[in-house]
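Asker: File my_file-v2.pdb below, PDB, C-alpha atoms, pLDDT in the B column:
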```
ATOM      1  CA  MET K   1     -37.209  14.136  10.850  1.00 57.00           C
ATOM      2  CA  SER K   2     -40.029  13.677   8.377  1.00 78.00           C
ATOM      3  CA  THR K   3     -42.331  16.495   7.406  1.00 91.00           C
ATOM      4  CA  VAL K   4     -45.664  16.520   9.191  1.00 93.00           C
ATOM      5  CA  SER K   5     -48.663  17.520   7.130  1.00 95.00           C
ATOM      6  CA  THR K   6     -50.779  20.489   8.116  1.00 96.00           C
ATOM      7  CA  SER K   7     -53.827  18.237   8.120  1.00 95.00           C
ATOM      8  CA  ALA K   8     -52.203  15.881  10.660  1.00 95.00           C
ATOM      9  CA  VAL K   9     -51.424  18.805  12.966  1.00 95.00           C
ATOM     10  CA  ALA K  10     -54.948  20.230  12.627  1.00 96.00           C
ATOM     11  CA  ALA K  11     -56.588  16.821  13.154  1.00 95.00           C
ATOM     12  CA  ALA K  12     -54.484  16.127  16.251  1.00 95.00           C
ATOM     13  CA  GLN K  13     -55.290  19.503  17.777  1.00 96.00           C
ATOM     14  CA  ASP K  14     -59.006  19.323  17.008  1.00 96.00           C
ATOM     15  CA  LEU K  15     -59.268  15.740  18.241  1.00 95.00           C
ATOM     16  CA  ARG K  16     -57.604  16.606  21.542  1.00 95.00           C
ATOM     17  CA  VAL K  17     -59.935  19.570  22.071  1.00 96.00           C
ATOM     18  CA  VAL K  18     -63.083  17.605  21.191  1.00 95.00           C
ATOM     19  CA  PHE K  19     -62.173  14.674  23.442  1.00 92.00           C
ATOM     20  CA  SER K  20     -61.241  16.982  26.321  1.00 92.00           C
ATOM     21  CA  ARG K  21     -64.568  18.781  26.050  1.00 94.00           C
ATOM     22  CA  LEU K  22     -66.520  15.538  25.741  1.00 93.00           C
ATOM     23  CA  ARG K  23     -64.705  14.062  28.721  1.00 86.00           C
ATOM     24  CA  ARG K  24     -65.412  17.174  30.790  1.00 85.00           C
ATOM     25  CA  ARG K  25     -69.083  17.141  29.750  1.00 89.00           C
ATOM     26  CA  LEU K  26     -69.473  13.470  30.639  1.00 85.00           C
ATOM     27  CA  ARG K  27     -67.870  14.091  34.026  1.00 78.00           C
ATOM     28  CA  GLU K  28     -70.258  16.996  34.659  1.00 80.00           C
ATOM     29  CA  ILE K  29     -73.197  14.734  33.931  1.00 81.00           C
ATOM     30  CA  ALA K  30     -71.843  11.991  36.174  1.00 66.00           C
ATOM     31  CA  THR K  31     -71.156  14.331  39.081  1.00 58.00           C
ATOM     32  CA  ALA K  32     -74.548  15.945  39.397  1.00 52.00           C
ATOM     33  CA  ASP K  33     -74.519  14.863  43.054  1.00 66.00           C
ATOM     34  CA  ASP K  34     -71.982  15.787  45.702  1.00 75.00           C
ATOM     35  CA  LEU K  35     -69.038  13.730  44.384  1.00 85.00           C
ATOM     36  CA  THR K  36     -66.052  15.388  42.753  1.00 85.00           C
ATOM     37  CA  PRO K  37     -64.940  14.398  39.247  1.00 81.00           C
ATOM     38  CA  SER K  38     -61.896  12.676  40.829  1.00 87.00           C
ATOM     39  CA  GLN K  39     -64.114  10.637  43.133  1.00 91.00           C
ATOM     40  CA  THR K  40     -66.348   9.633  40.235  1.00 86.00           C
ATOM     41  CA  ALA K  41     -63.302   8.613  38.172  1.00 87.00           C
ATOM     42  CA  VAL K  42     -62.082   6.352  41.004  1.00 93.00           C
ATOM     43  CA  LEU K  43     -65.509   4.708  41.356  1.00 92.00           C
ATOM     44  CA  ILE K  44     -65.579   4.002  37.621  1.00 89.00           C
ATOM     45  CA  ARG K  45     -62.037   2.612  37.721  1.00 93.00           C
ATOM     46  CA  LEU K  46     -62.892   0.297  40.639  1.00 96.00           C
ATOM     47  CA  VAL K  47     -65.947  -1.020  38.775  1.00 93.00           C
ATOM     48  CA  LYS K  48     -63.875  -1.613  35.657  1.00 92.00           C
ATOM     49  CA  ASP K  49     -60.639  -2.952  37.179  1.00 95.00           C
ATOM     50  CA  GLY K  50     -61.658  -4.261  40.593  1.00 95.00           C
ATOM     51  CA  PRO K  51     -59.994  -3.635  43.967  1.00 96.00           C
ATOM     52  CA  ALA K  52     -56.685  -1.784  43.972  1.00 96.00           C
ATOM     53  CA  SER K  53     -54.224  -0.217  46.377  1.00 95.00           C
ATOM     54  CA  THR K  54     -54.050   3.521  46.927  1.00 95.00           C
ATOM     55  CA  SER K  55     -50.752   3.704  45.041  1.00 93.00           C
ATOM     56  CA  GLU K  56     -52.162   1.709  42.107  1.00 95.00           C
ATOM     57  CA  LEU K  57     -55.157   4.039  41.911  1.00 97.00           C
ATOM     58  CA  ALA K  58     -52.887   7.092  42.136  1.00 96.00           C
ATOM     59  CA  GLY K  59     -50.761   5.773  39.271  1.00 95.00           C
ATOM     60  CA  ALA K  60     -53.766   4.936  37.137  1.00 93.00           C
ATOM     61  CA  GLU K  61     -55.311   8.374  37.701  1.00 93.00           C
ATOM     62  CA  ARG K  62     -51.935  10.123  37.380  1.00 92.00           C
ATOM     63  CA  VAL K  63     -52.088  11.880  40.723  1.00 95.00           C
ATOM     64  CA  ARG K  64     -49.862  11.858  43.808  1.00 96.00           C
ATOM     65  CA  PRO K  65     -50.650   9.234  46.452  1.00 93.00           C
ATOM     66  CA  GLN K  66     -51.497  12.056  48.891  1.00 94.00           C
ATOM     67  CA  SER K  67     -54.114  13.415  46.456  1.00 95.00           C
ATOM     68  CA  MET K  68     -55.559   9.929  46.011  1.00 97.00           C
ATOM     69  CA  ALA K  69     -55.754   9.531  49.796  1.00 95.00           C
ATOM     70  CA  THR K  70     -57.882  12.704  49.932  1.00 96.00           C
ATOM     71  CA  THR K  71     -60.132  11.425  47.130  1.00 96.00           C
ATOM     72  CA  LEU K  72     -60.541   8.069  48.881  1.00 97.00           C
ATOM     73  CA  SER K  73     -61.287   9.755  52.186  1.00 96.00           C
ATOM     74  CA  GLY K  74     -64.267  11.509  50.572  1.00 94.00           C
ATOM     75  CA  LEU K  75     -65.528   8.250  49.064  1.00 96.00           C
ATOM     76  CA  ASP K  76     -65.132   6.572  52.436  1.00 96.00           C
ATOM     77  CA  ARG K  77     -67.244   9.290  54.133  1.00 95.00           C
ATOM     78  CA  HIS K  78     -70.005   8.588  51.577  1.00 94.00           C
ATOM     79  CA  GLY K  79     -69.823   4.852  52.337  1.00 95.00           C
ATOM     80  CA  LEU K  80     -68.890   4.029  48.740  1.00 96.00           C
ATOM     81  CA  ILE K  81     -65.611   2.193  49.366  1.00 97.00           C
ATOM     82  CA  GLU K  82     -64.174  -0.208  51.891  1.00 97.00           C
ATOM     83  CA  ARG K  83     -60.612  -1.166  52.737  1.00 95.00           C
ATOM     84  CA  LYS K  84     -59.584  -4.798  52.946  1.00 93.00           C
ATOM     85  CA  PRO K  85     -56.248  -6.484  53.578  1.00 92.00           C
ATOM     86  CA  ASP K  86     -54.486  -7.583  50.395  1.00 88.00           C
ATOM     87  CA  PRO K  87     -54.577 -11.416  50.391  1.00 88.00           C
ATOM     88  CA  ASP K  88     -51.123 -11.469  48.737  1.00 86.00           C
ATOM     89  CA  ASP K  89     -49.496  -8.894  51.047  1.00 86.00           C
ATOM     90  CA  GLY K  90     -50.993  -8.386  54.500  1.00 80.00           C
ATOM     91  CA  ARG K  91     -49.149  -5.055  54.892  1.00 85.00           C
ATOM     92  CA  ARG K  92     -51.148  -3.547  52.022  1.00 89.00           C
ATOM     93  CA  GLN K  93     -54.791  -2.569  51.892  1.00 93.00           C
ATOM     94  CA  LEU K  94     -56.985  -2.860  48.833  1.00 96.00           C
ATOM     95  CA  ILE K  95     -59.737  -0.379  48.099  1.00 97.00           C
ATOM     96  CA  ALA K  96     -62.980  -2.008  46.962  1.00 97.00           C
ATOM     97  CA  LEU K  97     -66.477  -0.760  46.260  1.00 97.00           C
ATOM     98  CA  THR K  98     -69.277  -1.269  48.732  1.00 97.00           C
ATOM     99  CA  ALA K  99     -72.641  -2.342  47.333  1.00 96.00           C
ATOM    100  CA  GLU K 100     -73.696   1.327  47.442  1.00 95.00           C
ATOM    101  CA  GLY K 101     -70.485   2.343  45.646  1.00 95.00           C
ATOM    102  CA  ARG K 102     -71.129  -0.160  42.860  1.00 94.00           C
ATOM    103  CA  ARG K 103     -74.745   1.010  42.513  1.00 92.00           C
ATOM    104  CA  HIS K 104     -73.620   4.618  42.369  1.00 91.00           C
ATOM    105  CA  ALA K 105     -70.975   3.928  39.708  1.00 89.00           C
ATOM    106  CA  VAL K 106     -73.311   1.824  37.561  1.00 88.00           C
ATOM    107  CA  THR K 107     -76.030   4.481  37.765  1.00 88.00           C
ATOM    108  CA  ASP K 108     -73.540   7.206  36.781  1.00 85.00           C
ATOM    109  CA  ARG K 109     -72.377   5.159  33.794  1.00 85.00           C
ATOM    110  CA  ARG K 110     -75.959   4.545  32.663  1.00 89.00           C
ATOM    111  CA  VAL K 111     -76.812   8.266  32.936  1.00 89.00           C
ATOM    112  CA  ARG K 112     -73.757   9.225  30.843  1.00 89.00           C
ATOM    113  CA  GLU K 113     -74.512   6.590  28.199  1.00 92.00           C
ATOM    114  CA  GLU K 114     -78.152   7.674  27.987  1.00 95.00           C
ATOM    115  CA  TRP K 115     -77.103  11.331  27.578  1.00 95.00           C
ATOM    116  CA  LEU K 116     -74.637  10.440  24.831  1.00 96.00           C
ATOM    117  CA  VAL K 117     -77.111   8.254  22.927  1.00 97.00           C
ATOM    118  CA  LYS K 118     -79.753  10.990  23.103  1.00 97.00           C
ATOM    119  CA  ALA K 119     -77.261  13.627  21.957  1.00 97.00           C
ATOM    120  CA  MET K 120     -76.208  11.464  18.996  1.00 97.00           C
ATOM    121  CA  GLN K 121     -79.846  10.888  18.096  1.00 98.00           C
ATOM    122  CA  ASP K 122     -80.876  14.543  18.454  1.00 98.00           C
ATOM    123  CA  LEU K 123     -77.846  16.322  16.995  1.00 97.00           C
ATOM    124  CA  TYR K 124     -76.920  14.142  14.011  1.00 98.00           C
ATOM    125  CA  THR K 125     -78.668  12.657  11.009  1.00 98.00           C
ATOM    126  CA  GLU K 126     -78.407   8.949  10.233  1.00 98.00           C
ATOM    127  CA  SER K 127     -75.834   9.743   7.556  1.00 98.00           C
ATOM    128  CA  GLU K 128     -73.783  11.827   9.997  1.00 98.00           C
ATOM    129  CA  ARG K 129     -73.893   9.028  12.590  1.00 98.00           C
ATOM    130  CA  ARG K 130     -72.560   6.599   9.964  1.00 97.00           C
ATOM    131  CA  THR K 131     -69.737   9.075   9.253  1.00 97.00           C
ATOM    132  CA  ILE K 132     -68.973   9.310  12.988  1.00 96.00           C
ATOM    133  CA  ASN K 133     -68.916   5.510  13.246  1.00 97.00           C
ATOM    134  CA  ASP K 134     -66.550   5.306  10.264  1.00 96.00           C
ATOM    135  CA  ALA K 135     -64.262   7.921  11.828  1.00 95.00           C
ATOM    136  CA  LEU K 136     -64.308   6.109  15.173  1.00 94.00           C
ATOM    137  CA  ALA K 137     -63.292   2.880  13.463  1.00 94.00           C
ATOM    138  CA  LEU K 138     -60.242   4.726  12.094  1.00 94.00           C
ATOM    139  CA  LEU K 139     -59.484   6.309  15.467  1.00 93.00           C
ATOM    140  CA  HIS K 140     -59.277   2.902  17.125  1.00 92.00           C
ATOM    141  CA  ARG K 141     -55.825   2.591  15.489  1.00 92.00           C
ATOM    142  CA  LEU K 142     -54.586   5.225  17.958  1.00 90.00           C
ATOM    143  CA  THR K 143     -55.314   2.928  20.884  1.00 84.00           C
ATOM    144  CA  ASP K 144     -54.202  -0.400  19.353  1.00 81.00           C
TER     145      ASP K 144
END
```
Please go through the file and, once you have read it, give me the structure as structure tokens.

Answerer:
Amino acid sequence: MSTVSTSAVAAAQDLRVVFSRLRRRLREIATADDLTPSQTAVLIRLVKDGPASTSELAGAERVRPQSMATTLSGLDRHGLIERKPDPDDGRRQLIALTAEGRRHAVTDRRVREEWLVKAMQDLYTESERRTINDALALLHRLTD
């Protein structure tokens, strides 16, 4: 096994902590109403990926199907999702957003983006924002 540098260990730990905190903060902003963070995450996923089955959503969110069923039940009570037969498999149901669900998800996304832009503007200088952008360009390698 090759030797891992101290700087790699420190960077990995700090990056994980910063992203976890940022993710939590963005979820707090998005869930200012009566939706749970899990419900908000499902709305965002449905906007991004389109209709999906309960098991697909559970896999994507890394939760048990029973937990996803509870999350979907809450969204259903709010009128944010609807269930439709899968055109490829009539035994399955697909979960899709209602018009209100799409509006809710898009509004949440806009609120989070506006908060993040304002925070970047208020907390960092132009030079610091350029440094952040340079660092983000490097970090994209982790997801490629």

Asker: What lies within 12 Å of Asp89 of chain K using only C-alpha atoms, ignoring chain neighbours under 5 positions off, as a list in words?

Answerer: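 The neighbour list is Ser53, Lys84 and Leu94 of chain K.
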
Asker: Quick one, how far is atom CA of Arg25 of chain K from atom CA of Ala99 of chain K?

Answerer: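 Distance reported for this atom pair: 26.5 Å.
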
Asker: Ranking K:Thr98, K:Thr131, K:Thr71, K:Thr107 by minimum distance to Gly50 of chain K and counting all atoms listed in the file, which one comes first?

Answerer: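 Nearest to Gly50 of chain K: K:Thr98.
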
Asker: Give as a list in words each residue that has an atom at most 9 Å from (-67.7, 1.8, 38.8) in the file, counting only C-alpha atoms.

Answerer: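 Every residue inside that radius is included here: Thr40, Ala41, Val42, Leu43, Ile44, Arg45, Leu46, Val47, Lys48, Asp49, Gly50, Leu97, Gly101, Arg102, Arg103, His104, Ala105, Val106, Thr107, Asp108 and Arg109 of chain K.
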
Asker: Kindly indicate which residue among K:Arg24, K:Leu80, K:Thr54, K:Ser7 lies nearest to Gln66 of chain K, using all atoms listed in the file for the distances.

Answerer: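 Closest to Gln66 of chain K of all the choices is K:Thr54.
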
Asker: Could you state the separation of atom CA of Arg112 of chain K and atom CA of Leu15 of chain K in Å, given to one decimal place?

Answerer: 20.3 Å

Asker: Can you list, as a ChimeraX atom specification, every protein, DNA or RNA residue that comes within 12 Å of Thr70 of chain K when you count only C-alpha atoms, leaving out same-chain residues fewer than 2 positions away?

Answerer: /K:36,38-39,42,54,58,63-68,72-77

Asker: May I have the centre and edge lengths, in Å to one decimal, of an axis-aligned box around the listed atoms of segment 61-69 of chain K with 4 Å added to every side, as lines of an AutoDock Vina configuration file?

Answerer:
```
center_x = -52.8
center_y = 10.9
center_z = 43.6
size_x = 13.9
size_y = 13.0
size_z = 20.4
```

Asker: Grab the atom CA of Leu116 of chain K to atom CA of Ala135 of chain K distance for me, in Å with one decimal place.

Answerer: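 Atom-to-atom, atom CA of Leu116 of chain K to atom CA of Ala135 of chain K, that is 16.8 Å.
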